[in-house]
Amino acid sequence: FNFSTDILRKQNRESELTDDIAAEDAERDGFYAMIENLPKKYRDAVYLHYAEDMKIADIAKILGISAGGVKARLSRARQMLKEDILNEDK
């Protein structure tokens with residue numbers, strides 16, 4: 001009897017873990033979709049800064065804009081993503 005109970009508990013934990021992983025994957029996919037929906041100028045800045053871990057000055061050179069312009073784009077992109085996330089919950 002204890003052996004059976006242990007097996008059922010283990011299966012339940014594995015099932016919960018699988019459900020958690022699936023939920024995280026769906027959440028991540030949704031977030032990436034939000035980034036993909038950003039206008040290109042914001043999406044490029046976000047990608048270079050967060051995915052490629054580039055510095056503001058380097059992004060500015062690549063995009064041909066000032067460092068302040070990169071900061072503004074990143075700020076605006078974060079604001080747009082925040083609005084998307086808040087609107088998604090409604």
# chains A, B, ... in the order shown; residues from 1 in each chain; ligands from 1

call {"tool": "residues_around", "arguments": {"residues": "Leu38 of chain A", "least_positions_apart": "5", "cutoff": "8 Å", "atoms": "only C-alpha atoms", "output": "list in words"}}
result
Arg43, Ala77 and Met80 of chain A

call {"tool": "residues_around", "arguments": {"residues": "segment 59-74 of chain A", "least_positions_apart": "5", "cutoff": "7 Å", "atoms": "only C-alpha atoms", "output": "compact mmCIF listing (two decimals) with C-alpha atoms, in the first residue's frame"}}
result
# COMPACT_ATOMS: atom_id res chain seq x y z
CA TYR A 42 11.65 49.65 -30.66
CA ALA A 45 16.63 48.33 -29.64
CA VAL A 46 15.07 45.81 -27.24
CA LEU A 48 20.12 44.37 -29.19
CA MET A 54 24.83 45.23 -26.04

call {"tool": "atom_distance", "arguments": {"atom1": "atom CA of Glu88 of chain A", "atom2": "atom CA of Ala51 of chain A"}}
result
23.5 Å

call {"tool": "residues_around", "arguments": {"residues": "Asp84 of chain A", "least_positions_apart": "2", "cutoff": "12 Å", "atoms": "only C-alpha atoms", "output": "list in words"}}
result
Gly30, Phe31, Tyr32, Ala33, Met34, Ile35, Asn37, Leu38, Ala77, Arg78, Gln79, Met80, Leu81, Lys82, Leu86, Asn87, Glu88, Asp89 and Lys90 of chain A

call {"tool": "write_last_selection", "arguments": {"atoms": "N, CA and C atoms", "output": "mmCIF file, in the first residue's frame"}}
result
data_model
loop_
_atom_site.group_PDB
_atom_site.id
_atom_site.type_symbol
_atom_site.label_atom_id
_atom_site.label_comp_id
_atom_site.auth_asym_id
_atom_site.auth_seq_id
_atom_site.Cartn_x
_atom_site.Cartn_y
_atom_site.Cartn_z
ATOM 1 N N GLY A 30 4.027 34.143 -25.063
ATOM 2 C CA GLY A 30 3.178 35.330 -25.126
ATOM 3 C C GLY A 30 3.991 36.606 -25.025
ATOM 4 N N PHE A 31 5.012 36.589 -24.157
ATOM 5 C CA PHE A 31 5.864 37.771 -24.006
ATOM 6 C C PHE A 31 6.669 38.017 -25.280
ATOM 7 N N TYR A 32 7.208 36.939 -25.866
ATOM 8 C CA TYR A 32 7.954 37.107 -27.118
ATOM 9 C C TYR A 32 7.044 37.617 -28.227
ATOM 10 N N ALA A 33 5.804 37.189 -28.226
ATOM 11 C CA ALA A 33 4.846 37.688 -29.219
ATOM 12 C C ALA A 33 4.610 39.177 -29.034
ATOM 13 N N MET A 34 4.552 39.625 -27.788
ATOM 14 C CA MET A 34 4.391 41.056 -27.520
ATOM 15 C C MET A 34 5.588 41.842 -28.044
ATOM 16 N N ILE A 35 6.774 41.299 -27.845
ATOM 17 C CA ILE A 35 7.980 41.974 -28.354
ATOM 18 C C ILE A 35 7.944 42.024 -29.876
ATOM 19 N N ASN A 37 5.451 42.246 -31.702
ATOM 20 C CA ASN A 37 4.434 43.207 -32.133
ATOM 21 C C ASN A 37 4.857 44.655 -31.955
ATOM 22 N N LEU A 38 5.992 44.875 -31.301
ATOM 23 C CA LEU A 38 6.488 46.248 -31.173
ATOM 24 C C LEU A 38 6.872 46.786 -32.552
ATOM 25 N N ALA A 77 9.625 51.292 -25.388
ATOM 26 C CA ALA A 77 9.315 49.868 -25.599
ATOM 27 C C ALA A 77 8.864 49.223 -24.296
ATOM 28 N N ARG A 78 9.565 49.525 -23.206
ATOM 29 C CA ARG A 78 9.165 48.975 -21.911
ATOM 30 C C ARG A 78 7.769 49.456 -21.530
ATOM 31 N N GLN A 79 7.481 50.718 -21.806
ATOM 32 C CA GLN A 79 6.157 51.252 -21.499
ATOM 33 C C GLN A 79 5.083 50.553 -22.334
ATOM 34 N N MET A 80 5.360 50.337 -23.606
ATOM 35 C CA MET A 80 4.410 49.659 -24.480
ATOM 36 C C MET A 80 4.167 48.222 -24.012
ATOM 37 N N LEU A 81 5.232 47.531 -23.626
ATOM 38 C CA LEU A 81 5.099 46.161 -23.137
ATOM 39 C C LEU A 81 4.306 46.128 -21.832
ATOM 40 N N LYS A 82 4.578 47.093 -20.969
ATOM 41 C CA LYS A 82 3.838 47.172 -19.711
ATOM 42 C C LYS A 82 2.348 47.364 -19.978
ATOM 43 N N LEU A 86 -0.652 44.790 -18.925
ATOM 44 C CA LEU A 86 -1.771 45.231 -18.092
ATOM 45 C C LEU A 86 -3.108 45.051 -18.821
ATOM 46 N N ASN A 87 -3.119 45.316 -20.119
ATOM 47 C CA ASN A 87 -4.352 45.151 -20.898
ATOM 48 C C ASN A 87 -4.709 43.686 -21.095
ATOM 49 N N GLU A 88 -3.710 42.830 -21.097
ATOM 50 C CA GLU A 88 -3.937 41.389 -21.260
ATOM 51 C C GLU A 88 -4.677 40.821 -20.051
ATOM 52 N N ASP A 89 -4.413 41.379 -18.898
ATOM 53 C CA ASP A 89 -5.034 40.886 -17.657
ATOM 54 C C ASP A 89 -6.492 41.313 -17.525
ATOM 55 N N LYS A 90 -6.927 42.225 -18.346
ATOM 56 C CA LYS A 90 -8.334 42.704 -18.252
ATOM 57 C C LYS A 90 -9.264 41.836 -19.008
#

call {"tool": "atom_distance", "arguments": {"atom1": "atom CA of Glu83 of chain A", "atom2": "atom CA of Asp58 of chain A"}}
result
27.8 Å

call {"tool": "decode", "arguments": {"residues": "segment 31-66 of chain A", "atoms": "C-alpha atoms", "output": "mmCIF file, in the first residue's frame"}}
result
data_model
loop_
_atom_site.group_PDB
_atom_site.id
_atom_site.type_symbol
_atom_site.label_atom_id
_atom_site.label_comp_id
_atom_site.auth_asym_id
_atom_site.auth_seq_id
_atom_site.Cartn_x
_atom_site.Cartn_y
_atom_site.Cartn_z
ATOM 1 C CA PHE A 31 5.864 37.771 -24.006
ATOM 2 C CA TYR A 32 7.954 37.107 -27.118
ATOM 3 C CA ALA A 33 4.846 37.688 -29.219
ATOM 4 C CA MET A 34 4.391 41.056 -27.520
ATOM 5 C CA ILE A 35 7.980 41.974 -28.354
ATOM 6 C CA GLU A 36 7.455 40.884 -31.968
ATOM 7 C CA ASN A 37 4.434 43.207 -32.133
ATOM 8 C CA LEU A 38 6.488 46.248 -31.173
ATOM 9 C CA PRO A 39 7.257 48.678 -33.996
ATOM 10 C CA LYS A 40 10.573 47.756 -35.625
ATOM 11 C CA LYS A 41 12.582 50.669 -34.214
ATOM 12 C CA TYR A 42 11.653 49.653 -30.657
ATOM 13 C CA ARG A 43 11.953 45.921 -31.285
ATOM 14 C CA ASP A 44 15.482 46.347 -32.680
ATOM 15 C CA ALA A 45 16.626 48.330 -29.642
ATOM 16 C CA VAL A 46 15.075 45.815 -27.239
ATOM 17 C CA TYR A 47 16.626 42.865 -29.058
ATOM 18 C CA LEU A 48 20.117 44.369 -29.186
ATOM 19 C CA HIS A 49 20.048 45.484 -25.572
ATOM 20 C CA TYR A 50 18.410 42.521 -23.859
ATOM 21 C CA ALA A 51 19.014 39.533 -26.132
ATOM 22 C CA GLU A 52 22.467 40.505 -27.396
ATOM 23 C CA ASP A 53 23.445 42.266 -24.139
ATOM 24 C CA MET A 54 24.832 45.233 -26.036
ATOM 25 C CA LYS A 55 25.698 48.558 -24.452
ATOM 26 C CA ILE A 56 23.717 51.686 -25.246
ATOM 27 C CA ALA A 57 26.658 53.318 -27.064
ATOM 28 C CA ASP A 58 27.142 50.280 -29.305
ATOM 29 C CA ILE A 59 23.435 50.116 -30.127
ATOM 30 C CA ALA A 60 23.502 53.814 -30.974
ATOM 31 C CA LYS A 61 26.308 53.229 -33.487
ATOM 32 C CA ILE A 62 24.514 50.296 -35.095
ATOM 33 C CA LEU A 63 21.180 52.106 -35.358
ATOM 34 C CA GLY A 64 22.756 55.415 -36.344
ATOM 35 C CA ILE A 65 21.105 57.374 -33.545
ATOM 36 C CA SER A 66 22.266 59.028 -30.339
#
